[in-house]
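Trainee: Here it is, the structure in full.
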Amino acid sequence: MRQILGIHNAPQAHWVGDGFPVRTLLSHHEHGQQVSPFIMLDHAGPYHFEPTTQRRGVGTHPHKGFETVTIVYEGEVEHRDSTGTGGVIGPGDVQWMTAASGILHQEYHSPAFAREGGDFEMVQLWVNLPAKDKSASPGYQTLMNAQIPQRVLPDGAGTLRVIAGESGTAQGPAKTFTPINIWDVRLHGQKPVTLDVPEGHTLTILVLAGSVKLNGQESVGQSRTVLLARQGGGVMLEAEGEAKLLVLSGEPIDEPVVAHGPFVMNTHEEIRQAMLDFQRGAFGSM
């Protein structure tokens, strides 16, 4: 089994715009290369919104040098960007936006969800790009729930949806620049299961709801992040009741990371250039 390197509590919640009350469960600034190629993950909600005629969310803003992956559990999110693409996603759906050389986008609750109100929960993950791909053209993938394969885990332990990468014979629909796995996992209580990821991959487990026991030893509760060694085989999980997890593994990008606001580059000079490019309108327009 893989060695547990650390178990981290999420900081206090904060608002992103007026539509996303988030806790940051994963951050390059705190966890460094142990989570590469992942840069950040915010968990928004669960939160109940009252009906409104106002738009809730985040207006037009830039990104450059990485990708955003938005997974909706409850509610609906509407996306638009400067490539002219976008759409609405609901429970089980995923938006995968490649900022790369630069993009503008906006994220709001869908008009229907805002009008009706209700429970809202999502995560947004930032995935780094290697230096050679930071100048790639921006792009967008809509991954609907029906496209995402689901594995039934052995002995009734739960289910695993493969958003990116693979698990067993299931292949995720996301197109990625580097080898990564993103698994949406639901576990039932008292049914241990071992998950295997490639040797050399970083491995991060985020507990979104419930609690789990890792490798028969450590009990990890909600809103905690577990970092594991890059070698050592798999990890054994046993839910202590019903649990909802996100499991991330990936081939680390062995390059410097300089992150500033919505830009993730390799040097401070590249950050300055990204800011100048944004100011001169090089990311397009909405």
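In the structure tokens, each chain is lettered A, B, ... as it comes, each chain's residues begin at 1, and ligands are numbered from 1 in order of appearance.
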For Ala229 of chain A, please output as a ChimeraX atom specification all residues within 8 Å (counting only C-alpha atoms; exclusion window: fewer than 5 positions along the same chain).

Mentor: /A:2-5,202-203

Trainee: Since we have the selection now, will you write its residues out, keeping C-alpha atoms, as a short mmCIF file (atom, residue, chain, number, x, y, z; two decimals), in the first residue's frame?

Mentor:
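Produced file out_38.cif, reproduced below:
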```
data_model
loop_
_atom_site.label_atom_id
_atom_site.label_comp_id
_atom_site.auth_asym_id
_atom_site.auth_seq_id
_atom_site.Cartn_x
_atom_site.Cartn_y
_atom_site.Cartn_z
CA ARG A 2 1.11 3.56 -0.63
CA GLN A 3 2.50 5.56 2.27
CA ILE A 4 0.34 8.42 3.53
CA LEU A 5 2.42 11.62 3.29
CA THR A 202 1.09 11.46 -7.56
CA LEU A 203 -2.04 10.38 -5.69
#
```

Trainee: Find the spatial neighbours of Gly156 of chain A, counting only C-alpha atoms, within a cut-off of 10 Å - ignore same-chain residues fewer than 5 positions away - and output them as a list in words.

Mentor: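 Answer for this query is Leu187, His188, Gly189, Lys191, Pro192 and Val193 of chain A.
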
Trainee: Taking all heavy atoms for each residue, export the selection above as a PDB file, in the first residue's frame.

Mentor:
```pdb
ATOM      1  N   LEU A 187     -18.676   5.397  -2.018  1.00  0.00           N
ATOM      2  CA  LEU A 187     -18.419   4.162  -1.278  1.00  0.00           C
ATOM      3  C   LEU A 187     -19.525   3.890  -0.267  1.00  0.00           C
ATOM      4  O   LEU A 187     -20.092   4.816   0.329  1.00  0.00           O
ATOM      5  CB  LEU A 187     -17.076   4.252  -0.540  1.00  0.00           C
ATOM      6  CG  LEU A 187     -15.823   4.374  -1.407  1.00  0.00           C
ATOM      7  CD1 LEU A 187     -14.588   4.464  -0.517  1.00  0.00           C
ATOM      8  CD2 LEU A 187     -15.697   3.206  -2.378  1.00  0.00           C
ATOM      9  N   HIS A 188     -19.807   2.592  -0.072  1.00  0.00           N
ATOM     10  CA  HIS A 188     -20.752   2.133   0.945  1.00  0.00           C
ATOM     11  C   HIS A 188     -19.972   1.666   2.173  1.00  0.00           C
ATOM     12  O   HIS A 188     -18.819   1.224   2.074  1.00  0.00           O
ATOM     13  CB  HIS A 188     -21.607   0.991   0.406  1.00  0.00           C
ATOM     14  CG  HIS A 188     -22.315   1.323  -0.878  1.00  0.00           C
ATOM     15  ND1 HIS A 188     -23.017   2.489  -1.055  1.00  0.00           N
ATOM     16  CD2 HIS A 188     -22.408   0.636  -2.049  1.00  0.00           C
ATOM     17  CE1 HIS A 188     -23.536   2.508  -2.272  1.00  0.00           C
ATOM     18  NE2 HIS A 188     -23.177   1.400  -2.900  1.00  0.00           N
ATOM     19  N   GLY A 189     -20.594   1.740   3.319  1.00  0.00           N
ATOM     20  CA  GLY A 189     -19.906   1.469   4.571  1.00  0.00           C
ATOM     21  C   GLY A 189     -19.455   0.030   4.756  1.00  0.00           C
ATOM     22  O   GLY A 189     -20.122  -0.905   4.311  1.00  0.00           O
ATOM     23  N   LYS A 191     -17.140  -1.810   3.540  1.00  0.00           N
ATOM     24  CA  LYS A 191     -16.814  -2.659   2.385  1.00  0.00           C
ATOM     25  C   LYS A 191     -15.492  -2.174   1.798  1.00  0.00           C
ATOM     26  O   LYS A 191     -15.480  -1.292   0.946  1.00  0.00           O
ATOM     27  CB  LYS A 191     -17.934  -2.612   1.337  1.00  0.00           C
ATOM     28  CG  LYS A 191     -19.255  -3.210   1.828  1.00  0.00           C
ATOM     29  CD  LYS A 191     -20.316  -3.149   0.753  1.00  0.00           C
ATOM     30  CE  LYS A 191     -21.635  -3.720   1.253  1.00  0.00           C
ATOM     31  NZ  LYS A 191     -21.557  -5.171   1.539  1.00  0.00           N
ATOM     32  N   PRO A 192     -14.359  -2.727   2.238  1.00  0.00           N
ATOM     33  CA  PRO A 192     -13.055  -2.244   1.771  1.00  0.00           C
ATOM     34  C   PRO A 192     -12.832  -2.528   0.285  1.00  0.00           C
ATOM     35  O   PRO A 192     -13.305  -3.531  -0.250  1.00  0.00           O
ATOM     36  CB  PRO A 192     -12.058  -3.024   2.638  1.00  0.00           C
ATOM     37  CG  PRO A 192     -12.807  -4.231   3.098  1.00  0.00           C
ATOM     38  CD  PRO A 192     -14.239  -3.818   3.215  1.00  0.00           C
ATOM     39  N   VAL A 193     -12.106  -1.611  -0.356  1.00  0.00           N
ATOM     40  CA  VAL A 193     -11.759  -1.764  -1.767  1.00  0.00           C
ATOM     41  C   VAL A 193     -10.365  -1.175  -1.966  1.00  0.00           C
ATOM     42  O   VAL A 193      -9.998  -0.187  -1.320  1.00  0.00           O
ATOM     43  CB  VAL A 193     -12.794  -1.073  -2.677  1.00  0.00           C
ATOM     44  CG1 VAL A 193     -12.811   0.437  -2.448  1.00  0.00           C
ATOM     45  CG2 VAL A 193     -12.543  -1.388  -4.138  1.00  0.00           C
TER      46      VAL A 193
END
```

Trainee: What's around Val247 of chain A at 10 Å? Count only C-alpha atoms, leave out sequence neighbours fewer than 5 positions away in its own chain, and write the answer as a VMD selection string.

Mentor: chain A and resid 160 162 181 to 185 195 203 to 207 226

Trainee: Emit the selected residues as a tab-separated table (two decimals), in the first residue's frame, including C-alpha atoms.

Mentor:
```tsv
chain	number	residue	atom	x	y	z
A	160	LEU	CA	-16.36	4.79	-9.60
A	162	VAL	CA	-13.95	7.67	-14.83
A	181	ASN	CA	-6.87	10.01	-13.67
A	182	ILE	CA	-9.91	11.82	-12.27
A	183	TRP	CA	-12.31	9.45	-10.51
A	184	ASP	CA	-15.65	10.35	-8.90
A	185	VAL	CA	-16.03	7.66	-6.22
A	195	LEU	CA	-7.72	1.27	-5.94
A	203	LEU	CA	-2.04	10.38	-5.69
A	204	THR	CA	-4.46	12.68	-3.89
A	205	ILE	CA	-7.76	11.70	-2.25
A	206	LEU	CA	-10.30	14.38	-1.37
A	207	VAL	CA	-13.12	13.47	1.02
A	226	VAL	CA	-4.87	13.03	1.71
```

Trainee: Do you know which residues are at most 7 Å from Tyr108 of chain A counting only C-alpha atoms, after dropping those on the same chain fewer than 3 positions away, and could you put them as a PyMOL selection string?

Mentor: chain A and resi 19+55-58+77-79

Trainee: I want to know what sits within 8 Å of Ser285 of chain A, based on only C-alpha atoms, with residues of the same chain fewer than 3 positions away left out; could you give that as a list of chain:residue names?

Mentor: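 Listing them by chain and then by number gives A:Ser82, A:Leu104, A:Gly281.
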
Trainee: Which polymer residues have any atom within 6 Å of an atom of Thr159 of chain A, counting only C-alpha atoms, with same-chain residues fewer than 5 positions away left out, as a ChimeraX atom specification?

Mentor: /A:151-153,185-186

Trainee: Of the candidates A:Glu67, A:Glu270, A:Asp155, A:Glu74, which one gets nearest to Ile89 of chain A if we count only C-alpha atoms?

Mentor: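 When distances to Ile89 of chain A are compared using only C-alpha atoms, the smallest one comes from A:Glu74.
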
Trainee: I need the residue nearest Trp96 of chain A from this list: A:Thr169, A:Thr176, A:Gln273, A:Asn145. Use only C-alpha atoms for the distance.

Mentor: A:Thr176

Trainee: Would you list the contacts of Thr267 of chain A as a list in words, taking every protein, DNA or RNA residue within 10 Å and counting only C-alpha atoms, but skipping same-chain residues closer than 6 positions in sequence?

Mentor: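 Using only C-alpha atoms, the neighbours found are Pro256, Val257, Val258, Ala259 and Gln273 of chain A.
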
Trainee: Those residues you just picked out, can you put them in a file as a PDB file, in the first residue's frame with N, CA, C and O atoms?

Mentor:
```pdb
ATOM      1  N   PRO A 256       9.258  24.201 -13.094  1.00  0.00           N
ATOM      2  CA  PRO A 256       8.881  25.232 -12.125  1.00  0.00           C
ATOM      3  C   PRO A 256       7.431  25.667 -12.331  1.00  0.00           C
ATOM      4  O   PRO A 256       6.920  25.670 -13.452  1.00  0.00           O
ATOM      5  N   VAL A 257       6.768  26.007 -11.243  1.00  0.00           N
ATOM      6  CA  VAL A 257       5.398  26.521 -11.292  1.00  0.00           C
ATOM      7  C   VAL A 257       5.385  27.908 -10.653  1.00  0.00           C
ATOM      8  O   VAL A 257       5.788  28.075  -9.498  1.00  0.00           O
ATOM      9  N   VAL A 258       4.938  28.890 -11.422  1.00  0.00           N
ATOM     10  CA  VAL A 258       4.724  30.235 -10.897  1.00  0.00           C
ATOM     11  C   VAL A 258       3.262  30.569 -11.153  1.00  0.00           C
ATOM     12  O   VAL A 258       2.853  30.708 -12.310  1.00  0.00           O
ATOM     13  N   ALA A 259       2.486  30.652 -10.088  1.00  0.00           N
ATOM     14  CA  ALA A 259       1.048  30.912 -10.196  1.00  0.00           C
ATOM     15  C   ALA A 259       0.743  32.273  -9.603  1.00  0.00           C
ATOM     16  O   ALA A 259       1.196  32.617  -8.505  1.00  0.00           O
ATOM     17  N   GLN A 273       4.208  38.804 -18.735  1.00  0.00           N
ATOM     18  CA  GLN A 273       3.787  38.840 -20.129  1.00  0.00           C
ATOM     19  C   GLN A 273       2.313  38.456 -20.265  1.00  0.00           C
ATOM     20  O   GLN A 273       1.579  39.036 -21.071  1.00  0.00           O
TER      21      GLN A 273
END
```

Trainee: Find, counting only C-alpha atoms, the residue in A:Ala99, A:Ala112, A:Ala170, A:Val123 that gets nearest to Pro21 of chain A.

Mentor: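 Selected residue with least distance to Pro21 of chain A: A:Val123.
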
Trainee: If you run DSSP over the backbone, which residues in segment 175-227 of chain A end up strand (DSSP E or B)? Put them as a PyMOL selection string.

Mentor: chain A and resi 180-187+189+193-195+202-209+212-214+218-220+224-227

Trainee: Pick the closest to Glu166 of chain A from A:Gly250, A:Gly92, A:Gly118, A:Gly232: which is it, counting only C-alpha atoms?

Mentor: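 Checking each candidate against Glu166 of chain A, we get A:Gly250 as the closest.
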
Trainee: Between A:Asp81, A:Asp254, A:Glu116, A:Glu240, which has the minimum distance to Val220 of chain A (counting only C-alpha atoms)?

Mentor: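 Using only C-alpha atoms, Val220 of chain A sits closest to A:Glu240.
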
Trainee: Which of these, A:Ala100, A:Val94, A:Pro51, A:Leu214, has the shortest distance to Lys132 of chain A once you count only C-alpha atoms?

Mentor: A:Ala100

Trainee: Determine, using only C-alpha atoms, which residues of segment 50-86 of chain A have any atom at most 9 Å from an atom of segment 138-144 of chain A, and tabulate each with its shortest atom pair and distance in Å to one decimal place, rows ordered by chain and then rising number, as a Markdown table.

Mentor:
```
| residue | atom | partner | partner_atom | distance |
| --- | --- | --- | --- | --- |
| A:Lys64 | CA | A:Pro138 | CA | 8.9 |
| A:Asp81 | CA | A:Tyr140 | CA | 8.9 |
| A:Thr83 | CA | A:Gly139 | CA | 7.3 |
| A:Thr85 | CA | A:Tyr140 | CA | 7.0 |
| A:Gly86 | CA | A:Tyr140 | CA | 7.7 |
```

Trainee: How many Å lie between atom CA of Leu248 of chain A and atom CA of Pro62 of chain A, rounded to one decimal?

Mentor: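 Between these atoms lies a distance of 25.1 Å.
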
Trainee: Would you please give, as number ranges by chain, all residues of segment 70-192 of chain A that DSSP assigns to helix (DSSP H, G or I) based on the backbone?

Mentor: A: 111-116, 131-133, 145-147, 154-156

Trainee: Take the residues from that selection and put them in a file with all heavy atoms, as an mmCIF file, in the first residue's frame.

Mentor:
```cif
data_model
loop_
_atom_site.group_PDB
_atom_site.id
_atom_site.type_symbol
_atom_site.label_atom_id
_atom_site.label_comp_id
_atom_site.auth_asym_id
_atom_site.auth_seq_id
_atom_site.Cartn_x
_atom_site.Cartn_y
_atom_site.Cartn_z
ATOM 1 N N PRO A 111 -29.857 30.199 -15.709
ATOM 2 C CA PRO A 111 -31.067 30.989 -15.438
ATOM 3 C C PRO A 111 -32.178 30.165 -14.785
ATOM 4 O O PRO A 111 -32.867 30.655 -13.876
ATOM 5 C CB PRO A 111 -31.475 31.475 -16.830
ATOM 6 C CG PRO A 111 -30.190 31.519 -17.606
ATOM 7 C CD PRO A 111 -29.396 30.359 -17.098
ATOM 8 N N ALA A 112 -32.356 28.913 -15.222
ATOM 9 C CA ALA A 112 -33.418 28.077 -14.652
ATOM 10 C C ALA A 112 -33.151 27.779 -13.185
ATOM 11 O O ALA A 112 -34.064 27.840 -12.346
ATOM 12 C CB ALA A 112 -33.550 26.781 -15.443
ATOM 13 N N PHE A 113 -31.888 27.443 -12.840
ATOM 14 C CA PHE A 113 -31.575 27.141 -11.443
ATOM 15 C C PHE A 113 -31.725 28.390 -10.585
ATOM 16 O O PHE A 113 -32.262 28.329 -9.467
ATOM 17 C CB PHE A 113 -30.167 26.573 -11.316
ATOM 18 C CG PHE A 113 -29.772 26.292 -9.889
ATOM 19 C CD1 PHE A 113 -30.267 25.185 -9.233
ATOM 20 C CD2 PHE A 113 -28.936 27.150 -9.202
ATOM 21 C CE1 PHE A 113 -29.942 24.931 -7.901
ATOM 22 C CE2 PHE A 113 -28.598 26.912 -7.877
ATOM 23 C CZ PHE A 113 -29.100 25.796 -7.227
ATOM 24 N N ALA A 114 -31.253 29.552 -11.077
ATOM 25 C CA ALA A 114 -31.388 30.790 -10.309
ATOM 26 C C ALA A 114 -32.862 31.102 -10.047
ATOM 27 O O ALA A 114 -33.231 31.502 -8.933
ATOM 28 C CB ALA A 114 -30.725 31.942 -11.066
ATOM 29 N N ARG A 115 -33.686 30.900 -11.043
ATOM 30 C CA ARG A 115 -35.108 31.223 -10.931
ATOM 31 C C ARG A 115 -35.818 30.310 -9.923
ATOM 32 O O ARG A 115 -36.675 30.752 -9.159
ATOM 33 C CB ARG A 115 -35.753 31.104 -12.309
ATOM 34 C CG ARG A 115 -37.206 31.552 -12.394
ATOM 35 C CD ARG A 115 -37.656 31.657 -13.835
ATOM 36 N NE ARG A 115 -37.453 30.406 -14.578
ATOM 37 C CZ ARG A 115 -36.562 30.246 -15.553
ATOM 38 N NH1 ARG A 115 -35.767 31.245 -15.917
ATOM 39 N NH2 ARG A 115 -36.460 29.078 -16.179
ATOM 40 N N GLU A 116 -35.425 29.032 -9.929
ATOM 41 C CA GLU A 116 -36.091 28.064 -9.062
ATOM 42 C C GLU A 116 -35.420 27.919 -7.698
ATOM 43 O O GLU A 116 -36.059 27.539 -6.709
ATOM 44 C CB GLU A 116 -36.121 26.699 -9.760
ATOM 45 C CG GLU A 116 -36.933 26.707 -11.053
ATOM 46 C CD GLU A 116 -36.774 25.432 -11.847
ATOM 47 O OE1 GLU A 116 -36.135 24.493 -11.305
ATOM 48 O OE2 GLU A 116 -37.263 25.373 -12.978
ATOM 49 N N ALA A 131 5.209 23.200 -20.125
ATOM 50 C CA ALA A 131 5.612 24.434 -20.808
ATOM 51 C C ALA A 131 5.341 24.371 -22.305
ATOM 52 O O ALA A 131 4.896 25.347 -22.910
ATOM 53 C CB ALA A 131 7.092 24.710 -20.542
ATOM 54 N N LYS A 132 5.566 23.206 -22.911
ATOM 55 C CA LYS A 132 5.413 23.085 -24.361
ATOM 56 C C LYS A 132 3.959 23.231 -24.803
ATOM 57 O O LYS A 132 3.682 23.502 -25.979
ATOM 58 C CB LYS A 132 5.970 21.752 -24.844
ATOM 59 C CG LYS A 132 5.202 20.525 -24.363
ATOM 60 C CD LYS A 132 5.833 19.237 -24.861
ATOM 61 C CE LYS A 132 5.076 18.006 -24.387
ATOM 62 N NZ LYS A 132 3.693 17.970 -24.884
ATOM 63 N N ASP A 133 3.006 23.076 -23.882
ATOM 64 C CA ASP A 133 1.588 23.151 -24.232
ATOM 65 C C ASP A 133 0.902 24.413 -23.729
ATOM 66 O O ASP A 133 -0.288 24.616 -23.998
ATOM 67 C CB ASP A 133 0.849 21.926 -23.690
ATOM 68 C CG ASP A 133 1.314 20.629 -24.346
ATOM 69 O OD1 ASP A 133 1.472 20.625 -25.577
ATOM 70 O OD2 ASP A 133 1.527 19.643 -23.619
ATOM 71 N N ASN A 145 -23.067 13.521 -18.348
ATOM 72 C CA ASN A 145 -23.124 12.387 -17.424
ATOM 73 C C ASN A 145 -23.205 11.048 -18.155
ATOM 74 O O ASN A 145 -22.531 10.078 -17.782
ATOM 75 C CB ASN A 145 -24.333 12.564 -16.494
ATOM 76 C CG ASN A 145 -24.407 11.503 -15.424
ATOM 77 O OD1 ASN A 145 -23.400 11.023 -14.933
ATOM 78 N ND2 ASN A 145 -25.613 11.120 -15.061
ATOM 79 N N ALA A 146 -24.009 11.008 -19.224
ATOM 80 C CA ALA A 146 -24.194 9.749 -19.958
ATOM 81 C C ALA A 146 -22.932 9.287 -20.671
ATOM 82 O O ALA A 146 -22.808 8.103 -21.009
ATOM 83 C CB ALA A 146 -25.328 9.907 -20.971
ATOM 84 N N GLN A 147 -21.985 10.207 -20.921
ATOM 85 C CA GLN A 147 -20.730 9.853 -21.599
ATOM 86 C C GLN A 147 -19.687 9.286 -20.653
ATOM 87 O O GLN A 147 -18.690 8.709 -21.103
ATOM 88 C CB GLN A 147 -20.115 11.091 -22.264
ATOM 89 C CG GLN A 147 -20.912 11.752 -23.338
ATOM 90 C CD GLN A 147 -20.234 13.040 -23.770
ATOM 91 O OE1 GLN A 147 -20.653 14.133 -23.422
ATOM 92 N NE2 GLN A 147 -19.155 12.915 -24.514
ATOM 93 N N PRO A 154 -15.769 -3.970 -6.689
ATOM 94 C CA PRO A 154 -15.948 -5.343 -6.205
ATOM 95 C C PRO A 154 -16.669 -5.405 -4.857
ATOM 96 O O PRO A 154 -16.544 -4.515 -4.018
ATOM 97 C CB PRO A 154 -14.508 -5.857 -6.087
ATOM 98 C CG PRO A 154 -13.714 -5.010 -7.025
ATOM 99 C CD PRO A 154 -14.359 -3.659 -6.993
ATOM 100 N N ASP A 155 -17.413 -6.497 -4.690
ATOM 101 C CA ASP A 155 -18.058 -6.825 -3.417
ATOM 102 C C ASP A 155 -19.032 -5.749 -2.940
ATOM 103 O O ASP A 155 -19.242 -5.570 -1.726
ATOM 104 C CB ASP A 155 -16.998 -7.089 -2.327
ATOM 105 C CG ASP A 155 -16.072 -8.233 -2.695
ATOM 106 O OD1 ASP A 155 -16.559 -9.221 -3.276
ATOM 107 O OD2 ASP A 155 -14.863 -8.121 -2.411
ATOM 108 N N GLY A 156 -19.615 -5.010 -3.891
ATOM 109 C CA GLY A 156 -20.604 -4.010 -3.516
ATOM 110 C C GLY A 156 -20.047 -2.830 -2.766
ATOM 111 O O GLY A 156 -20.779 -2.153 -2.021
#
```

Trainee: Between atom CA of Gln231 of chain A and atom CA of Lys244 of chain A, what distance in Å does the model show, to one decimal?

Mentor: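 Computed distance, atom CA of Gln231 of chain A to atom CA of Lys244 of chain A, equals 24.6 Å.
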